[in-house]
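> Next comes protein_9.json, JSON, C-alpha atoms and all ligand atoms:
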```json
[["chain", "number", "residue", "atom", "x", "y", "z"],
["X", 1, "MET", "CA", 9.39, 1.03, -21.80],
["X", 2, "SER", "CA", 10.43, 4.02, -19.72],
["X", 3, "TYR", "CA", 9.18, 7.62, -20.02],
["X", 4, "ASN", "CA", 11.31, 9.27, -17.31],
["X", 5, "LEU", "CA", 8.07, 10.19, -15.56],
["X", 6, "LEU", "CA", 9.78, 10.45, -12.16],
["X", 7, "LYS", "CA", 13.06, 12.04, -13.20],
["X", 8, "GLY", "CA", 14.40, 14.15, -10.31],
["X", 9, "LYS", "CA", 11.73, 12.92, -7.88],
["X", 10, "LYS", "CA", 12.66, 11.54, -4.45],
["X", 11, "GLY", "CA", 10.73, 9.39, -2.02],
["X", 12, "ILE", "CA", 10.32, 6.61, 0.52],
["X", 13, "ILE", "CA", 9.02, 3.11, -0.26],
["X", 14, "PHE", "CA", 7.66, 1.03, 2.64],
["X", 15, "GLY", "CA", 6.98, -2.71, 2.50],
["X", 16, "ALA", "CA", 9.28, -4.51, 0.03],
["X", 17, "LEU", "CA", 9.73, -7.94, 1.61],
["X", 18, "ASP", "CA", 10.57, -10.15, -1.39],
["X", 19, "GLY", "CA", 10.28, -10.25, -5.17],
["X", 20, "ASN", "CA", 6.50, -10.82, -4.99],
["X", 21, "SER", "CA", 5.77, -7.73, -2.87],
["X", 22, "ILE", "CA", 3.82, -4.95, -4.54],
["X", 23, "ALA", "CA", 6.35, -2.51, -3.05],
["X", 24, "TRP", "CA", 9.24, -4.45, -4.61],
["X", 25, "LYS", "CA", 7.74, -4.19, -8.10],
["X", 26, "THR", "CA", 6.97, -0.52, -7.45],
["X", 27, "ALA", "CA", 10.56, 0.20, -6.40],
["X", 28, "GLU", "CA", 11.84, -1.40, -9.61],
["X", 29, "LYS", "CA", 9.40, 0.61, -11.73],
["X", 30, "VAL", "CA", 10.07, 3.91, -9.93],
["X", 31, "HIS", "CA", 13.81, 3.32, -10.51],
["X", 32, "GLU", "CA", 13.15, 2.60, -14.18],
["X", 33, "GLU", "CA", 11.24, 5.91, -14.45],
["X", 34, "GLY", "CA", 14.13, 7.90, -12.98],
["X", 35, "GLY", "CA", 12.99, 8.30, -9.34],
["X", 36, "THR", "CA", 15.34, 7.88, -6.37],
["X", 37, "PHE", "CA", 14.25, 6.60, -2.97],
["X", 38, "VAL", "CA", 15.01, 5.13, 0.43],
["X", 39, "LEU", "CA", 13.69, 1.62, 1.08],
["X", 40, "THR", "CA", 12.29, 0.80, 4.50],
["X", 41, "ASN", "CA", 10.74, -2.10, 6.34],
["X", 42, "ALA", "CA", 10.32, -3.36, 9.91],
["X", 43, "PRO", "CA", 13.69, -4.45, 11.32],
["X", 44, "ILE", "CA", 12.44, -8.02, 11.79],
["X", 45, "ALA", "CA", 11.22, -8.25, 8.18],
["X", 46, "MET", "CA", 14.60, -7.05, 6.97],
["X", 47, "ARG", "CA", 16.33, -9.92, 8.69],
["X", 48, "MET", "CA", 14.00, -12.34, 6.93],
["X", 49, "GLY", "CA", 13.68, -10.56, 3.61],
["X", 50, "GLN", "CA", 15.87, -9.96, 0.58],
["X", 51, "ILE", "CA", 15.65, -6.17, 0.59],
["X", 52, "LYS", "CA", 19.45, -5.71, 0.21],
["X", 53, "GLU", "CA", 19.26, -7.24, -3.25],
["X", 54, "LEU", "CA", 16.61, -4.67, -4.25],
["X", 55, "ALA", "CA", 18.66, -1.83, -2.77],
["X", 56, "GLN", "CA", 21.67, -2.86, -4.82],
["X", 57, "LYS", "CA", 19.65, -3.19, -7.99],
["X", 58, "THR", "CA", 18.04, 0.24, -7.59],
["X", 59, "GLY", "CA", 21.03, 2.09, -6.06],
["X", 60, "SER", "CA", 19.02, 2.79, -2.89],
["X", 61, "GLU", "CA", 19.82, 2.98, 0.79],
["X", 62, "ILE", "CA", 17.84, 1.09, 3.42],
["X", 63, "VAL", "CA", 16.66, 2.71, 6.65],
["X", 64, "PRO", "CA", 14.82, 0.27, 8.95],
["X", 65, "ALA", "CA", 11.67, 1.50, 10.73],
["X", 66, "ASP", "CA", 8.78, -0.17, 12.47],
["X", 67, "ALA", "CA", 5.84, 1.77, 11.05],
["X", 68, "THR", "CA", 4.09, 1.71, 14.43],
["X", 69, "SER", "CA", 6.94, 3.62, 16.12],
["X", 70, "GLU", "CA", 6.73, 7.42, 15.91],
["X", 71, "GLU", "CA", 10.42, 7.67, 16.94],
["X", 72, "GLU", "CA", 11.60, 5.32, 14.20],
["X", 73, "LEU", "CA", 9.45, 7.08, 11.60],
["X", 74, "LYS", "CA", 10.86, 10.45, 12.63],
["X", 75, "ASN", "CA", 14.37, 9.10, 12.19],
["X", 76, "LEU", "CA", 13.46, 7.53, 8.85],
["X", 77, "ILE", "CA", 12.07, 10.80, 7.51],
["X", 78, "SER", "CA", 15.05, 12.94, 8.54],
["X", 79, "ARG", "CA", 17.61, 10.31, 7.37],
["X", 80, "SER", "CA", 15.79, 10.03, 4.03],
["X", 81, "MET", "CA", 15.94, 13.78, 3.45],
["X", 82, "GLU", "CA", 19.68, 13.72, 4.27],
["X", 83, "ILE", "CA", 20.37, 10.76, 1.99],
["X", 84, "LEU", "CA", 18.29, 12.09, -0.91],
["X", 85, "GLY", "CA", 19.43, 15.70, -0.45],
["X", 86, "GLY", "CA", 16.11, 17.47, 0.17],
["X", 87, "LYS", "CA", 12.37, 17.14, 0.58],
["X", 88, "LEU", "CA", 10.33, 14.23, -0.77],
["X", 89, "ASP", "CA", 8.00, 13.96, -3.75],
["X", 90, "PHE", "CA", 6.43, 10.54, -3.18],
["X", 91, "VAL", "CA", 5.75, 8.00, -0.42],
["X", 92, "LEU", "CA", 4.34, 4.48, -0.78],
["X", 93, "HIS", "CA", 2.70, 2.85, 2.27],
["X", 94, "SER", "CA", 2.53, -0.86, 1.37],
["X", 95, "ILE", "CA", 2.08, -2.42, 4.81],
["X", 96, "GLY", "CA", -0.44, -4.89, 6.14],
["X", 97, "MET", "CA", -0.63, -7.61, 8.77],
["X", 98, "SER", "CA", -3.34, -9.24, 10.91],
["X", 99, "ILE", "CA", -2.35, -11.44, 13.83],
["X", 100, "ASN", "CA", -5.92, -12.80, 14.02],
["X", 101, "VAL", "CA", -5.56, -14.00, 10.40],
["X", 102, "ARG", "CA", -2.09, -15.39, 11.05],
["X", 103, "LYS", "CA", -3.20, -17.32, 14.12],
["X", 104, "GLY", "CA", -6.40, -18.57, 12.49],
["X", 105, "ARG", "CA", -8.76, -16.66, 14.82],
["X", 106, "HIS", "CA", -12.25, -16.39, 13.34],
["X", 107, "TYR", "CA", -13.79, -12.91, 12.93],
["X", 108, "THR", "CA", -16.37, -13.80, 15.61],
["X", 109, "ASP", "CA", -13.66, -14.92, 18.04],
["X", 110, "GLN", "CA", -11.03, -12.22, 17.88],
["X", 111, "ASN", "CA", -8.24, -11.76, 20.35],
["X", 112, "TYR", "CA", -8.43, -7.98, 20.84],
["X", 113, "ASP", "CA", -4.72, -7.63, 21.60],
["X", 114, "PHE", "CA", -4.14, -9.11, 18.15],
["X", 115, "THR", "CA", -6.84, -6.84, 16.70],
["X", 116, "GLY", "CA", -5.21, -3.74, 18.21],
["X", 117, "LYS", "CA", -1.76, -4.65, 16.99],
["X", 118, "GLY", "CA", -2.99, -5.46, 13.47],
["X", 119, "TRP", "CA", -4.89, -2.15, 13.36],
["X", 120, "ASP", "CA", -1.79, -0.25, 14.49],
["X", 121, "VAL", "CA", 0.39, -1.89, 11.81],
["X", 122, "SER", "CA", -2.13, -1.90, 8.95],
["X", 123, "ALA", "CA", -4.12, 1.32, 9.45],
["X", 124, "LEU", "CA", -2.88, 3.71, 12.14],
["X", 125, "SER", "CA", 0.68, 3.47, 10.77],
["X", 126, "PHE", "CA", -0.56, 5.39, 7.73],
["X", 127, "HIS", "CA", -1.58, 8.27, 9.97],
["X", 128, "LYS", "CA", 1.73, 8.06, 11.85],
["X", 129, "VAL", "CA", 3.69, 8.18, 8.58],
["X", 130, "MET", "CA", 1.72, 11.19, 7.33],
["X", 131, "GLN", "CA", 1.84, 13.04, 10.66],
["X", 132, "GLY", "CA", 5.63, 12.52, 10.67],
["X", 133, "LEU", "CA", 5.92, 13.88, 7.11],
["X", 134, "TYR", "CA", 3.54, 16.77, 7.81],
["X", 135, "ASN", "CA", 5.22, 17.97, 10.99],
["X", 136, "ALA", "CA", 8.72, 17.68, 9.51],
["X", 137, "ASP", "CA", 7.48, 19.61, 6.46],
["X", 138, "ALA", "CA", 9.12, 16.80, 4.49],
["X", 139, "MET", "CA", 6.99, 16.84, 1.31],
["X", 140, "ASN", "CA", 7.50, 19.09, -1.71],
["X", 141, "PRO", "CA", 4.42, 20.86, -3.14],
["X", 142, "TRP", "CA", 2.63, 18.58, -5.64],
["X", 143, "GLY", "CA", 4.03, 15.53, -3.92],
["X", 144, "SER", "CA", 2.02, 12.31, -3.80],
["X", 145, "ILE", "CA", 1.33, 9.81, -0.99],
["X", 146, "VAL", "CA", -0.21, 6.42, -1.81],
["X", 147, "ALA", "CA", -1.35, 3.51, 0.38],
["X", 148, "LEU", "CA", -2.61, 0.12, -0.72],
["X", 149, "THR", "CA", -6.00, -1.23, 0.22],
["X", 150, "TYR", "CA", -8.58, -3.89, -0.66],
["X", 151, "MET", "CA", -12.28, -3.82, -1.52],
["X", 152, "ALA", "CA", -13.18, -5.72, 1.66],
["X", 153, "ALA", "CA", -13.40, -2.19, 3.10],
["X", 154, "GLN", "CA", -16.68, -1.74, 1.16],
["X", 155, "ARG", "CA", -17.99, -5.28, 0.64],
["X", 156, "THR", "CA", -17.91, -8.39, 2.79],
["X", 157, "PHE", "CA", -15.29, -11.05, 2.14],
["X", 158, "PRO", "CA", -15.66, -13.22, 5.29],
["X", 159, "ASP", "CA", -12.14, -14.67, 5.36],
["X", 160, "TYR", "CA", -10.50, -11.24, 5.08],
["X", 161, "ASN", "CA", -11.34, -11.03, 8.78],
["X", 162, "ASP", "CA", -10.29, -7.92, 10.75],
["X", 163, "MET", "CA", -8.21, -6.67, 7.80],
["X", 164, "ALA", "CA", -11.51, -5.48, 6.29],
["X", 165, "ASP", "CA", -11.99, -3.10, 9.22],
["X", 166, "ASN", "CA", -8.34, -2.01, 9.07],
["X", 167, "LYS", "CA", -8.69, -1.17, 5.38],
["X", 168, "ALA", "CA", -11.87, 0.87, 6.00],
["X", 169, "TYR", "CA", -9.97, 2.88, 8.63],
["X", 170, "LEU", "CA", -6.95, 3.27, 6.31],
["X", 171, "GLU", "CA", -9.13, 4.65, 3.50],
["X", 172, "SER", "CA", -10.76, 7.10, 5.87],
["X", 173, "ILE", "CA", -7.35, 8.38, 6.99],
["X", 174, "ALA", "CA", -6.47, 9.03, 3.33],
["X", 175, "ARG", "CA", -9.52, 11.29, 3.01],
["X", 176, "SER", "CA", -9.08, 13.07, 6.34],
["X", 177, "PHE", "CA", -5.33, 13.68, 6.05],
["X", 178, "GLY", "CA", -5.72, 14.32, 2.32],
["X", 179, "TYR", "CA", -7.73, 17.42, 3.18],
["X", 180, "PHE", "CA", -5.02, 18.92, 5.41],
["X", 181, "PHE", "CA", -2.15, 17.85, 3.16],
["X", 182, "GLY", "CA", -3.94, 19.37, 0.16],
["X", 183, "LYS", "CA", -4.90, 22.63, 1.83],
["X", 184, "GLU", "CA", -1.65, 23.31, 3.64],
["X", 185, "LYS", "CA", 1.03, 21.64, 1.52],
["X", 186, "LYS", "CA", -0.45, 21.00, -1.96],
["X", 187, "VAL", "CA", 0.25, 17.29, -1.50],
["X", 188, "ARG", "CA", -2.15, 14.58, -2.70],
["X", 189, "VAL", "CA", -3.13, 11.46, -0.76],
["X", 190, "ASN", "CA", -4.84, 8.44, -2.30],
["X", 191, "THR", "CA", -5.41, 4.73, -1.74],
["X", 192, "ILE", "CA", -5.25, 2.11, -4.49],
["X", 193, "SER", "CA", -7.73, -0.73, -4.06],
["X", 194, "GLN", "CA", -5.83, -3.60, -5.65],
["X", 195, "SER", "CA", -6.98, -7.03, -6.95],
["X", 196, "PRO", "CA", -6.01, -10.08, -4.88],
["X", 197, "THR", "CA", -2.30, -10.59, -5.57],
["X", 198, "PRO", "CA", -0.10, -13.60, -4.73],
["X", 199, "THR", "CA", 2.26, -12.10, -2.12],
["X", 200, "THR", "CA", 3.21, -13.12, 1.42],
["X", 201, "ALA", "CA", 0.44, -10.91, 2.90],
["X", 202, "GLY", "CA", -2.12, -11.93, 0.25],
["X", 203, "GLN", "CA", -1.53, -15.65, 0.59],
["X", 204, "GLY", "CA", -2.07, -15.41, 4.35],
["X", 205, "VAL", "CA", -5.81, -15.02, 3.71],
["X", 206, "LYS", "CA", -7.72, -18.31, 4.10],
["X", 207, "GLY", "CA", -8.89, -19.80, 0.79],
["X", 208, "PHE", "CA", -6.70, -17.39, -1.19],
["X", 209, "ASP", "CA", -6.55, -19.63, -4.29],
["X", 210, "GLY", "CA", -10.33, -19.69, -4.67],
["X", 211, "PHE", "CA", -10.48, -16.00, -3.88],
["X", 212, "ILE", "CA", -7.97, -14.99, -6.56],
["X", 213, "SER", "CA", -9.44, -17.16, -9.32],
["X", 214, "TYR", "CA", -13.00, -16.02, -8.54],
["X", 215, "ALA", "CA", -11.88, -12.37, -8.81],
["X", 216, "ASP", "CA", -10.10, -13.14, -12.06],
["X", 217, "LYS", "CA", -13.21, -14.76, -13.57],
["X", 218, "MET", "CA", -15.38, -11.85, -12.44],
["X", 219, "SER", "CA", -13.13, -9.12, -13.88],
["X", 220, "PRO", "CA", -13.51, -8.31, -17.58],
["X", 221, "LEU", "CA", -9.81, -7.37, -17.77],
["X", 222, "GLY", "CA", -8.68, -10.11, -15.35],
["X", 223, "ASN", "CA", -6.93, -9.43, -12.04],
["X", 224, "ALA", "CA", -4.39, -6.63, -11.86],
["X", 225, "SER", "CA", -0.93, -8.04, -11.05],
["X", 226, "ALA", "CA", 1.67, -6.56, -8.71],
["X", 227, "GLN", "CA", 3.46, -5.25, -11.80],
["X", 228, "ASP", "CA", 0.25, -3.56, -13.02],
["X", 229, "CYS", "CA", -0.10, -1.99, -9.59],
["X", 230, "ALA", "CA", 3.48, -0.70, -9.74],
["X", 231, "ASN", "CA", 2.73, 0.93, -13.10],
["X", 232, "TYR", "CA", -0.43, 2.57, -11.78],
["X", 233, "THR", "CA", 1.38, 3.84, -8.68],
["X", 234, "VAL", "CA", 4.03, 5.46, -10.88],
["X", 235, "SER", "CA", 1.26, 7.38, -12.67],
["X", 236, "LEU", "CA", 0.03, 8.64, -9.28],
["X", 237, "PHE", "CA", 3.55, 9.73, -8.30],
["X", 238, "SER", "CA", 4.00, 11.56, -11.62],
["X", 239, "ASP", "CA", 3.01, 15.12, -12.49],
["X", 240, "LEU", "CA", 0.25, 13.77, -14.76],
["X", 241, "THR", "CA", -2.17, 13.24, -11.84],
["X", 242, "ARG", "CA", -1.67, 16.44, -9.81],
["X", 243, "LYS", "CA", -5.32, 17.09, -9.05],
["X", 244, "VAL", "CA", -6.22, 13.55, -7.99],
["X", 245, "THR", "CA", -6.54, 13.44, -4.21],
["X", 246, "MET", "CA", -8.60, 11.95, -1.33],
["X", 247, "GLN", "CA", -9.66, 9.09, -3.62],
["X", 248, "ASN", "CA", -9.94, 5.37, -3.20],
["X", 249, "LEU", "CA", -8.96, 4.22, -6.70],
["X", 250, "TYR", "CA", -10.05, 0.77, -7.81],
["X", 251, "HIS", "CA", -7.32, -1.06, -9.68],
["X", 252, "ASP", "CA", -8.95, -4.42, -10.21],
["X", 253, "GLY", "CA", -9.70, -5.13, -13.89],
["X", 254, "GLY", "CA", -13.31, -3.99, -13.41],
["X", 255, "PHE", "CA", -14.20, -6.32, -10.52],
["X", 256, "SER", "CA", -15.66, -3.61, -8.28],
["X", 257, "ASN", "CA", -18.43, -2.74, -10.75],
["X", 258, "MET", "CA", -19.40, -6.30, -11.66],
["X", 259, "GLY", "CA", -22.58, -8.13, -10.67],
["X", 260, "VAL", "CA", -21.88, -11.46, -12.33],
["X", 261, "SER", "CA", -19.81, -12.61, -15.32],
["X", 262, "GLN", "CA", -20.46, -15.24, -17.99],
["X", 263, "GLU", "CA", -17.73, -17.52, -16.56],
["X", 264, "VAL", "CA", -19.23, -17.43, -13.07],
["X", 265, "MET", "CA", -22.80, -17.94, -14.44],
["X", 266, "GLU", "CA", -21.62, -21.04, -16.31],
["X", 267, "LYS", "CA", -20.37, -22.59, -13.07],
["X", 268, "PHE", "CA", -23.94, -22.42, -11.72],
["X", 269, "SER", "CA", -25.87, -23.46, -14.84],
["X", 270, "GLU", "CA", -25.18, -27.22, -14.91],
["S", 301, "LIG", "N1", -1.77, -9.22, -1.88],
["S", 301, "LIG", "C1", -3.04, -8.86, -2.01],
["S", 301, "LIG", "O1", -3.91, -9.64, -2.39],
["S", 301, "LIG", "C2", -3.42, -7.42, -1.75],
["S", 301, "LIG", "C3", -4.61, -6.90, -2.29],
["S", 301, "LIG", "C4", -4.96, -5.58, -1.99],
["S", 301, "LIG", "C5", -4.14, -4.82, -1.17],
["S", 301, "LIG", "N2", -2.98, -5.36, -0.64],
["S", 301, "LIG", "C6", -2.16, -4.53, 0.24],
["S", 301, "LIG", "O2", -0.90, -4.29, -0.36],
["S", 301, "LIG", "C7", 0.02, -3.95, 0.68],
["S", 301, "LIG", "C8", 1.32, -4.71, 0.46],
["S", 301, "LIG", "O3", 1.15, -6.07, 0.68],
["S", 301, "LIG", "P1", 1.73, -7.21, -0.30],
["S", 301, "LIG", "O4", 0.57, -7.95, -0.84],
["S", 301, "LIG", "O5", 2.75, -6.65, -1.21],
["S", 301, "LIG", "O6", 2.42, -8.23, 0.76],
["S", 301, "LIG", "P2", 3.87, -8.27, 1.45],
["S", 301, "LIG", "O7", 3.73, -9.30, 2.52],
["S", 301, "LIG", "O8", 4.92, -8.47, 0.43],
["S", 301, "LIG", "O9", 4.02, -6.81, 2.11],
["S", 301, "LIG", "C9", 3.54, -6.46, 3.38],
["S", 301, "LIG", "C10", 4.66, -5.66, 4.03],
["S", 301, "LIG", "O10", 4.27, -5.08, 5.30],
["S", 301, "LIG", "C11", 5.46, -5.03, 6.07],
["S", 301, "LIG", "N3", 5.20, -4.81, 7.48],
["S", 301, "LIG", "C12", 4.51, -5.60, 8.36],
["S", 301, "LIG", "N4", 4.56, -5.07, 9.60],
["S", 301, "LIG", "C13", 5.28, -3.91, 9.51],
["S", 301, "LIG", "C14", 5.66, -2.90, 10.44],
["S", 301, "LIG", "N5", 5.33, -3.00, 11.75],
["S", 301, "LIG", "N6", 6.40, -1.85, 10.01],
["S", 301, "LIG", "C15", 6.76, -1.75, 8.71],
["S", 301, "LIG", "N7", 6.41, -2.66, 7.78],
["S", 301, "LIG", "C16", 5.68, -3.73, 8.17],
["S", 301, "LIG", "C17", 6.03, -6.43, 5.82],
["S", 301, "LIG", "O11", 7.37, -6.56, 6.29],
["S", 301, "LIG", "C18", 5.90, -6.54, 4.32],
["S", 301, "LIG", "O12", 7.03, -6.00, 3.66],
["S", 301, "LIG", "C19", -0.69, -4.25, 2.01],
["S", 301, "LIG", "O13", -1.24, -3.04, 2.51],
["S", 301, "LIG", "C20", -1.78, -5.19, 1.57],
["S", 301, "LIG", "O14", -2.88, -5.21, 2.47],
["S", 301, "LIG", "C21", -2.61, -6.63, -0.94]]
```
With the file now loaded, output its structure as structure tokens.


Amino acid sequence: MSYNLLKGKKGIIFGALDGNSIAWKTAEKVHEEGGTFVLTNAPIAMRMGQIKELAQKTGSEIVPADATSEEELKNLISRSMEILGGKLDFVLHSIGMSINVRKGRHYTDQNYDFTGKGWDVSALSFHKVMQGLYNADAMNPWGSIVALTYMAAQRTFPDYNDMADNKAYLESIARSFGYFFGKEKKVRVNTISQSPTPTTAGQGVKGFDGFISYADKMSPLGNASAQDCANYTVSLFSDLTRKVTMQNLYHDGGFSNMGVSQEVMEKFSE
């Protein structure tokens, strides 16, 4: 069902790699709700990914940008305003990557070059995106910027490794930049703390299958899917949430407020 919630709104969507990506589902939903956008991803991911298919389906153009490169982000922002014919109303940052996780380095045995690169891609890139938007005065008043995060920023999930630290930093950037974007430009900035979701990035985490089914059993509403996340993001891009800013919003079926559930208790009561 579509409500035209984003009719006339324009934006940029980072991070659609394949049909499982949260950004992919979000792009489809934003299109359904009448929004128009530019799709972007790292040049290397675009060679591997199927983003052209999504662009065709949603009538969008693709502008490659490595989110760690200020130059490429600057180009992306000015090209997007040209393509879309004006300033932007929404931006989705859906980017994450840890080389320590990828290479199987334990949290207590990090390679700090990997740590620095993962932090740049997963956390600092959010600041770079916002600084680029802010300095180009690229956002319309009452625009909305959203990044995706995970609860390992607040609680310990050992196999989430250095991504936990990256997410804590990312959430802090949302608060700090949210202040300036709110004060100066009337733009809101939030992070969505999403349930474990079976995507390329998600499945890179060691023991992901156990992780996702534990979360599902702990959550009274069950895990939120990528599609659920897309729906929630659309609400944050819409005019119905204009005064929500500087928040980390849990979108996890209730997991974040649980102590223990009946299903999990039963596993330990043999
Ligand atoms: N999957 C989960 O369990 C889960 C849970 C909570 C939050 N998240 C977050 O959701 C976001 C999206 O991840 P996803 O699960 O859809 O996985 P995904 O692998 O589909 O998306 C990650 C994206 O990051 C992009 N990326 C990596 N390096 C980049 C760079 N240098 N420049 C630009 N883009 C780059 C990748 O190309 C990819 O498109 C991430 O921030 C992730 O941490 C995921």

> Near Gln203 (chain X), within 12 Å and counting all atoms listed in the file, which residues show up once chain neighbours fewer than 4 positions away are dropped, as a list in words?

Asn20, Ser21, Met97, Val101, Arg102, Asp159, Tyr160, Pro196, Thr197, Pro198, Thr199, Gly207, Phe208, Asp209, Gly210, Phe211 and Ile212 of chain X

> Using all atoms listed in the file, what are the residues with an atom within 7 Å of ligand LIG 301 (chain S), set out as JSON, numbers by chain?

{"X": [14, 15, 16, 17, 18, 20, 21, 22, 23, 41, 42, 45, 65, 66, 67, 68, 94, 95, 96, 97, 121, 122, 147, 148, 149, 150, 193, 194, 195, 196, 197, 198, 199, 200, 201, 202, 203]}

> With 9 Å as the threshold, what does the neighbourhood of (18.7, 9.9, -1.9) contain in terms of residues, counting all atoms listed in the file? Coordinates are those of the file; answer as a PDB file with C-alpha atoms, in the coordinates of the input.


```
ATOM      1  CA  LYS X  10      12.660  11.540  -4.450  1.00  0.00           C
ATOM      2  CA  GLY X  11      10.730   9.390  -2.020  1.00  0.00           C
ATOM      3  CA  THR X  36      15.340   7.880  -6.370  1.00  0.00           C
ATOM      4  CA  PHE X  37      14.250   6.600  -2.970  1.00  0.00           C
ATOM      5  CA  VAL X  38      15.010   5.130   0.430  1.00  0.00           C
ATOM      6  CA  SER X  60      19.020   2.790  -2.890  1.00  0.00           C
ATOM      7  CA  GLU X  61      19.820   2.980   0.790  1.00  0.00           C
ATOM      8  CA  SER X  80      15.790  10.030   4.030  1.00  0.00           C
ATOM      9  CA  MET X  81      15.940  13.780   3.450  1.00  0.00           C
ATOM     10  CA  GLU X  82      19.680  13.720   4.270  1.00  0.00           C
ATOM     11  CA  ILE X  83      20.370  10.760   1.990  1.00  0.00           C
ATOM     12  CA  LEU X  84      18.290  12.090  -0.910  1.00  0.00           C
ATOM     13  CA  GLY X  85      19.430  15.700  -0.450  1.00  0.00           C
ATOM     14  CA  GLY X  86      16.110  17.470   0.170  1.00  0.00           C
TER      15      GLY X  86
END
```

> For CA of Arg105 (chain X) and CA of Ala164 (chain X), determine how far apart the two atoms are, in Å to one decimal place.

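Calculated distance between CA of Arg105 (chain X) and CA of Ala164 (chain X) is 14.3 Å.
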
> Go through X:Thr191, X:Asn257, X:Gly118, X:Glu266 and flag the residue nearest Tyr232 (chain X), using only C-alpha atoms for the distances.

X:Thr191

> Just add N, CA and C atoms to region 157-169 of chain X and send it as an mmCIF file, keeping the file's coordinate frame.


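Result file part_24.cif:
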```
data_model
loop_
_atom_site.group_PDB
_atom_site.id
_atom_site.type_symbol
_atom_site.label_atom_id
_atom_site.label_comp_id
_atom_site.auth_asym_id
_atom_site.auth_seq_id
_atom_site.Cartn_x
_atom_site.Cartn_y
_atom_site.Cartn_z
ATOM 1 N N PHE X 157 -16.034 -9.854 2.541
ATOM 2 C CA PHE X 157 -15.290 -11.050 2.140
ATOM 3 C C PHE X 157 -14.939 -11.741 3.465
ATOM 4 N N PRO X 158 -15.742 -12.743 3.895
ATOM 5 C CA PRO X 158 -15.660 -13.220 5.290
ATOM 6 C C PRO X 158 -14.259 -13.595 5.751
ATOM 7 N N ASP X 159 -13.453 -14.214 4.892
ATOM 8 C CA ASP X 159 -12.140 -14.670 5.360
ATOM 9 C C ASP X 159 -11.098 -13.556 5.430
ATOM 10 N N TYR X 160 -11.441 -12.371 4.974
ATOM 11 C CA TYR X 160 -10.500 -11.240 5.080
ATOM 12 C C TYR X 160 -10.418 -10.742 6.523
ATOM 13 N N ASN X 161 -11.418 -11.187 7.329
ATOM 14 C CA ASN X 161 -11.340 -11.030 8.780
ATOM 15 C C ASN X 161 -11.194 -9.559 9.196
ATOM 16 N N ASP X 162 -10.387 -9.291 10.236
ATOM 17 C CA ASP X 162 -10.290 -7.920 10.750
ATOM 18 C C ASP X 162 -9.533 -6.995 9.814
ATOM 19 N N MET X 163 -8.868 -7.550 8.769
ATOM 20 C CA MET X 163 -8.210 -6.670 7.800
ATOM 21 C C MET X 163 -9.214 -5.801 7.063
ATOM 22 N N ALA X 164 -10.472 -6.280 6.947
ATOM 23 C CA ALA X 164 -11.510 -5.480 6.290
ATOM 24 C C ALA X 164 -11.718 -4.176 7.060
ATOM 25 N N ASP X 165 -11.784 -4.283 8.379
ATOM 26 C CA ASP X 165 -11.990 -3.100 9.220
ATOM 27 C C ASP X 165 -10.766 -2.189 9.169
ATOM 28 N N ASN X 166 -9.572 -2.812 9.159
ATOM 29 C CA ASN X 166 -8.340 -2.010 9.070
ATOM 30 C C ASN X 166 -8.286 -1.226 7.764
ATOM 31 N N LYS X 167 -8.734 -1.854 6.681
ATOM 32 C CA LYS X 167 -8.690 -1.170 5.380
ATOM 33 C C LYS X 167 -9.709 -0.023 5.336
ATOM 34 N N ALA X 168 -10.878 -0.215 5.965
ATOM 35 C CA ALA X 168 -11.870 0.870 6.000
ATOM 36 C C ALA X 168 -11.278 2.072 6.739
ATOM 37 N N TYR X 169 -10.591 1.807 7.826
ATOM 38 C CA TYR X 169 -9.970 2.880 8.630
ATOM 39 C C TYR X 169 -8.862 3.565 7.813
#
```
